[in-house]
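A.B. asks: So that you have it, the file is input22.cif, and it contains mmCIF, C-alpha atoms:
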```
data_target
#
loop_
_atom_site.group_PDB
_atom_site.id
_atom_site.type_symbol
_atom_site.label_atom_id
_atom_site.label_comp_id
_atom_site.auth_asym_id
_atom_site.auth_seq_id
_atom_site.Cartn_x
_atom_site.Cartn_y
_atom_site.Cartn_z
ATOM 1 C CA MET L 30 -10.877 -1.014 -5.192
ATOM 2 C CA ILE L 31 -9.869 -4.403 -6.523
ATOM 3 C CA ASP L 32 -11.698 -7.438 -5.100
ATOM 4 C CA PRO L 33 -9.593 -8.486 -2.072
ATOM 5 C CA GLY L 34 -10.061 -12.210 -2.775
ATOM 6 C CA GLU L 35 -8.864 -11.846 -6.360
ATOM 7 C CA ARG L 36 -5.954 -9.676 -5.239
ATOM 8 C CA LEU L 37 -4.939 -12.257 -2.623
ATOM 9 C CA GLU L 38 -4.992 -15.026 -5.243
ATOM 10 C CA GLN L 39 -2.889 -12.913 -7.598
ATOM 11 C CA MET L 40 -0.250 -12.174 -4.958
ATOM 12 C CA THR L 41 -0.024 -15.807 -3.816
ATOM 13 C CA ARG L 42 0.301 -16.943 -7.435
ATOM 14 C CA VAL L 43 3.170 -14.504 -8.059
ATOM 15 C CA LEU L 44 4.984 -15.617 -4.912
ATOM 16 C CA ARG L 45 4.622 -19.288 -5.871
ATOM 17 C CA GLU L 46 5.833 -18.604 -9.424
ATOM 18 C CA LYS L 47 8.923 -16.919 -7.960
ATOM 19 C CA GLY L 48 9.575 -19.942 -5.755
ATOM 20 C CA CYS L 49 8.769 -18.168 -2.474
ATOM 21 C CA ARG L 50 7.359 -20.031 0.499
ATOM 22 C CA LEU L 51 3.834 -19.205 1.634
ATOM 23 C CA THR L 52 4.144 -19.445 5.391
ATOM 24 C CA PRO L 53 1.083 -18.836 7.574
ATOM 25 C CA GLN L 54 2.572 -15.495 8.663
ATOM 26 C CA ARG L 55 3.200 -14.438 5.066
ATOM 27 C CA LEU L 56 -0.331 -15.432 4.081
ATOM 28 C CA ALA L 57 -1.733 -13.407 6.998
ATOM 29 C CA LEU L 58 0.229 -10.363 5.803
ATOM 30 C CA LEU L 59 -1.064 -10.832 2.255
ATOM 31 C CA LYS L 60 -4.652 -10.986 3.528
ATOM 32 C CA ILE L 61 -4.205 -7.731 5.437
ATOM 33 C CA ILE L 62 -2.745 -5.745 2.560
ATOM 34 C CA ALA L 63 -5.060 -7.261 -0.079
ATOM 35 C CA ARG L 64 -8.156 -5.990 1.748
ATOM 36 C CA GLY L 65 -7.603 -2.404 0.671
ATOM 37 C CA ASP L 66 -9.237 -1.081 3.845
ATOM 38 C CA GLY L 67 -6.299 1.106 4.735
ATOM 39 C CA HIS L 68 -2.695 1.807 4.103
ATOM 40 C CA HIS L 69 -1.086 0.067 7.041
ATOM 41 C CA SER L 70 2.290 0.813 8.568
ATOM 42 C CA VAL L 71 4.703 -1.998 9.412
ATOM 43 C CA ASP L 72 3.789 -1.640 13.082
ATOM 44 C CA GLN L 73 0.064 -1.884 12.335
ATOM 45 C CA ILE L 74 0.580 -5.002 10.219
ATOM 46 C CA TYR L 75 2.769 -6.493 12.943
ATOM 47 C CA GLU L 76 0.100 -5.871 15.617
ATOM 48 C CA LEU L 77 -2.582 -7.509 13.459
ATOM 49 C CA ILE L 78 -0.440 -10.573 12.688
ATOM 50 C CA LYS L 79 1.004 -11.194 16.139
ATOM 51 C CA THR L 80 -2.508 -11.742 17.523
ATOM 52 C CA ASP L 81 -2.660 -15.065 15.651
ATOM 53 C CA PHE L 82 1.095 -15.638 15.293
ATOM 54 C CA PRO L 83 2.779 -14.291 18.456
ATOM 55 C CA THR L 84 6.246 -15.540 17.455
ATOM 56 C CA THR L 85 6.277 -13.456 14.260
ATOM 57 C CA SER L 86 9.080 -10.899 14.234
ATOM 58 C CA LEU L 87 9.122 -7.369 12.859
ATOM 59 C CA ALA L 88 11.977 -8.531 10.626
ATOM 60 C CA THR L 89 9.607 -11.024 8.976
ATOM 61 C CA ILE L 90 7.147 -8.224 8.228
ATOM 62 C CA TYR L 91 9.871 -5.975 6.796
ATOM 63 C CA LYS L 92 11.370 -8.781 4.676
ATOM 64 C CA THR L 93 8.007 -9.829 3.272
ATOM 65 C CA LEU L 94 6.992 -6.257 2.424
ATOM 66 C CA SER L 95 10.378 -5.657 0.796
ATOM 67 C CA LEU L 96 10.006 -8.830 -1.268
ATOM 68 C CA LEU L 97 6.490 -7.850 -2.365
ATOM 69 C CA LYS L 98 7.643 -4.325 -3.185
ATOM 70 C CA ASP L 99 10.510 -5.658 -5.333
ATOM 71 C CA MET L 100 8.005 -7.878 -7.183
ATOM 72 C CA GLY L 101 5.674 -4.937 -7.788
ATOM 73 C CA GLU L 102 2.947 -6.490 -5.631
ATOM 74 C CA VAL L 103 2.796 -3.769 -2.991
ATOM 75 C CA LEU L 104 3.060 0.010 -3.184
ATOM 76 C CA GLU L 105 5.034 1.784 -0.478
ATOM 77 C CA VAL L 106 3.829 5.324 0.091
ATOM 78 C CA ASN L 107 5.931 7.640 2.249
ATOM 79 C CA PHE L 108 4.469 10.480 4.271
ATOM 80 C CA ALA L 109 6.687 12.814 6.302
ATOM 81 C CA HIS L 110 4.345 12.846 9.306
ATOM 82 C CA LEU L 111 3.068 9.243 9.074
ATOM 83 C CA GLY L 112 6.060 7.262 7.804
ATOM 84 C CA SER L 113 5.789 4.481 5.242
ATOM 85 C CA ARG L 114 2.439 2.905 4.503
ATOM 86 C CA TYR L 115 1.727 -0.106 2.298
ATOM 87 C CA ASP L 116 -1.003 -0.769 -0.261
ATOM 88 C CA GLY L 117 -1.317 -4.270 -1.678
ATOM 89 C CA ASN L 118 -4.753 -3.751 -3.168
ATOM 90 C CA LYS L 119 -3.629 -1.127 -5.682
ATOM 91 C CA PRO L 120 0.142 -1.699 -6.085
ATOM 92 C CA TYR L 121 0.598 0.979 -8.730
ATOM 93 C CA PRO L 122 0.954 4.761 -8.468
ATOM 94 C CA HIS L 123 -2.355 6.426 -7.619
ATOM 95 C CA PRO L 124 -3.384 9.534 -5.669
ATOM 96 C CA HIS L 125 -4.219 9.486 -1.983
ATOM 97 C CA ILE L 126 -6.217 11.764 0.275
ATOM 98 C CA VAL L 127 -4.736 12.070 3.773
ATOM 99 C CA CYS L 128 -6.439 13.477 6.870
ATOM 100 C CA THR L 129 -3.999 15.760 8.661
ATOM 101 C CA LYS L 130 -5.760 15.210 11.981
ATOM 102 C CA CYS L 131 -6.469 11.464 12.303
ATOM 103 C CA GLY L 132 -4.062 10.169 9.620
ATOM 104 C CA GLN L 133 -6.715 8.285 7.617
ATOM 105 C CA ILE L 134 -5.527 7.562 4.069
ATOM 106 C CA ILE L 135 -7.928 6.775 1.259
ATOM 107 C CA ASP L 136 -7.396 6.116 -2.428
ATOM 108 C CA SER L 137 -8.672 8.545 -4.993
ATOM 109 C CA ASP L 138 -10.035 7.533 -8.364
ATOM 110 C CA PHE L 139 -8.201 10.139 -10.406
ATOM 111 C CA ASP L 140 -7.696 8.684 -13.855
ATOM 112 C CA ALA L 141 -5.887 11.763 -15.148
ATOM 113 C CA LEU L 142 -2.669 10.848 -13.278
ATOM 114 C CA ALA L 143 -1.393 8.724 -16.179
ATOM 115 C CA GLU L 144 -2.103 11.547 -18.612
ATOM 116 C CA LEU L 145 -0.393 14.020 -16.290
ATOM 117 C CA SER L 146 2.732 11.824 -16.162
ATOM 118 C CA LEU L 147 2.842 11.582 -19.963
ATOM 119 C CA GLU L 148 2.415 15.342 -20.315
ATOM 120 C CA MET L 149 5.139 15.986 -17.734
ATOM 121 C CA ALA L 150 7.526 13.665 -19.589
ATOM 122 C CA ARG L 151 6.716 15.276 -22.914
ATOM 123 C CA LYS L 152 7.259 18.826 -21.634
ATOM 124 C CA THR L 153 10.425 18.137 -19.646
ATOM 125 C CA GLY L 154 12.130 15.348 -21.562
ATOM 126 C CA TYR L 155 12.280 13.266 -18.389
ATOM 127 C CA GLN L 156 11.618 9.553 -18.426
ATOM 128 C CA ILE L 157 9.098 9.278 -15.600
ATOM 129 C CA THR L 158 9.751 6.144 -13.541
ATOM 130 C CA HIS L 159 7.162 6.670 -10.810
ATOM 131 C CA SER L 160 4.988 9.325 -9.246
ATOM 132 C CA GLN L 161 3.237 10.148 -6.012
ATOM 133 C CA LEU L 162 0.334 12.568 -5.736
ATOM 134 C CA ASN L 163 -1.268 13.235 -2.390
ATOM 135 C CA PHE L 164 -3.935 15.614 -1.175
ATOM 136 C CA PHE L 165 -4.074 16.704 2.462
ATOM 137 C CA GLY L 166 -6.951 18.023 4.523
ATOM 138 C CA ARG L 167 -9.459 17.023 7.173
ATOM 139 C CA CYS L 168 -11.759 14.052 6.692
ATOM 140 C CA PRO L 169 -15.515 14.511 7.233
ATOM 141 C CA LYS L 170 -15.366 12.889 10.694
ATOM 142 C CA CYS L 171 -12.581 15.215 11.902
ATOM 143 C CA GLN L 172 -14.413 18.216 10.453
ATOM 144 C CA GLN L 173 -17.472 17.350 12.551
ATOM 145 C CA GLU L 174 -15.348 16.966 15.677
ATOM 146 C CA GLY L 175 -14.000 20.492 15.156
#
```
Mind turning this structure into structure tokens?
C.D. replies:
Amino acid sequence: MIDPGERLEQMTRVLREKGCRLTPQRLALLKIIARGDGHHSVDQIYELIKTDFPTTSLATIYKTLSLLKDMGEVLEVNFAHLGSRYDGNKPYPHPHIVCTKCGQIIDSDFDALAELSLEMARKTGYQITHSQLNFFGRCPKCQQEG
């Protein structure tokens, strides 16, 4: 995991360089996704932000995440049973491990993904633009619960 403070500074610097405003709501969103303590949904981010900024709209959350995604500062990961989740700590393709019971998502340190993409491109002739690799199962906590 990247240091959340460094990641927050990097994202704010990119937004400033692109001429984007850093509103208190936008900064709160950046802090949430820079932490790397989960892959939050829009609704989860909204619930966390509206505690301190009750007038924040869902549209603001969607627009900010879309802007960050377009800038390459957030990774959107789609899961059929969980919907879209956002990762601002590691905004590049990387594998995830997903609990099929509680929905917990964690990052996996699987360095071979880049090599796998290169091999796939070489064997197929495709120009690989992005990838998504996910593993599904039950987390240790859910295993203990039965």
A.B. asks: Point out the residue among L:Gly117, L:Ser95, L:Gly154, L:Met100 with the least atom-to-atom distance to Glu46 of chain L, counting all atoms listed in the file.
C.D. replies: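 Under the stated criterion, the closest residue is L:Met100.
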A.B. asks: Kindly indicate which residue among L:His110, L:Lys130, L:Lys119, L:His68 lies nearest to Arg36 of chain L, using only C-alpha atoms for the distances.
C.D. replies: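 Distance minimum relative to Arg36 of chain L lands on L:Lys119.
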A.B. asks: Check which residues satisfy the PyMOL selection byres ((chain L and resi 115) around 9) in the file shown, then give them as a PyMOL selection string.
C.D. replies: chain L and resi 62+67-71+94+103-107+113-114+116-117+120
A.B. asks: Using the chain letters and numbers from the file, give me the residues hit by the PyMOL selection byres ((chain L and resi 136) around 10), as a PyMOL selection string.
C.D. replies: chain L and resi 30+65-68+116+119+123-127+134-135+137-139+163
A.B. asks: Those selected residues, please, written with C-alpha atoms and delivered as a compact mmCIF listing (two decimals), keeping the file's coordinate frame.
C.D. replies:
```txt
# COMPACT_ATOMS: atom_id res chain seq x y z
CA MET L 30 -10.88 -1.01 -5.19
CA GLY L 65 -7.60 -2.40 0.67
CA ASP L 66 -9.24 -1.08 3.84
CA GLY L 67 -6.30 1.11 4.74
CA HIS L 68 -2.70 1.81 4.10
CA ASP L 116 -1.00 -0.77 -0.26
CA LYS L 119 -3.63 -1.13 -5.68
CA HIS L 123 -2.36 6.43 -7.62
CA PRO L 124 -3.38 9.53 -5.67
CA HIS L 125 -4.22 9.49 -1.98
CA ILE L 126 -6.22 11.76 0.28
CA VAL L 127 -4.74 12.07 3.77
CA ILE L 134 -5.53 7.56 4.07
CA ILE L 135 -7.93 6.78 1.26
CA SER L 137 -8.67 8.54 -4.99
CA ASP L 138 -10.04 7.53 -8.36
CA PHE L 139 -8.20 10.14 -10.41
CA ASN L 163 -1.27 13.24 -2.39
```
A.B. asks: May I ask which of the residues L:Arg45, L:Phe82, L:Glu38, L:Asn118 is the closest one to Arg64 of chain L, counting all atoms listed in the file?
C.D. replies: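 Nearest candidate to Arg64 of chain L out of L:Arg45, L:Phe82, L:Glu38, L:Asn118: L:Asn118.
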A.B. asks: Using all atoms listed in the file, determine which residues lie at most 10 Å from Ala57 of chain L, disregarding the query and same-chain residues fewer than 3 positions distant; provide the list as number ranges by chain.
C.D. replies: L: 51-54, 60-63, 74, 77-79, 81-82
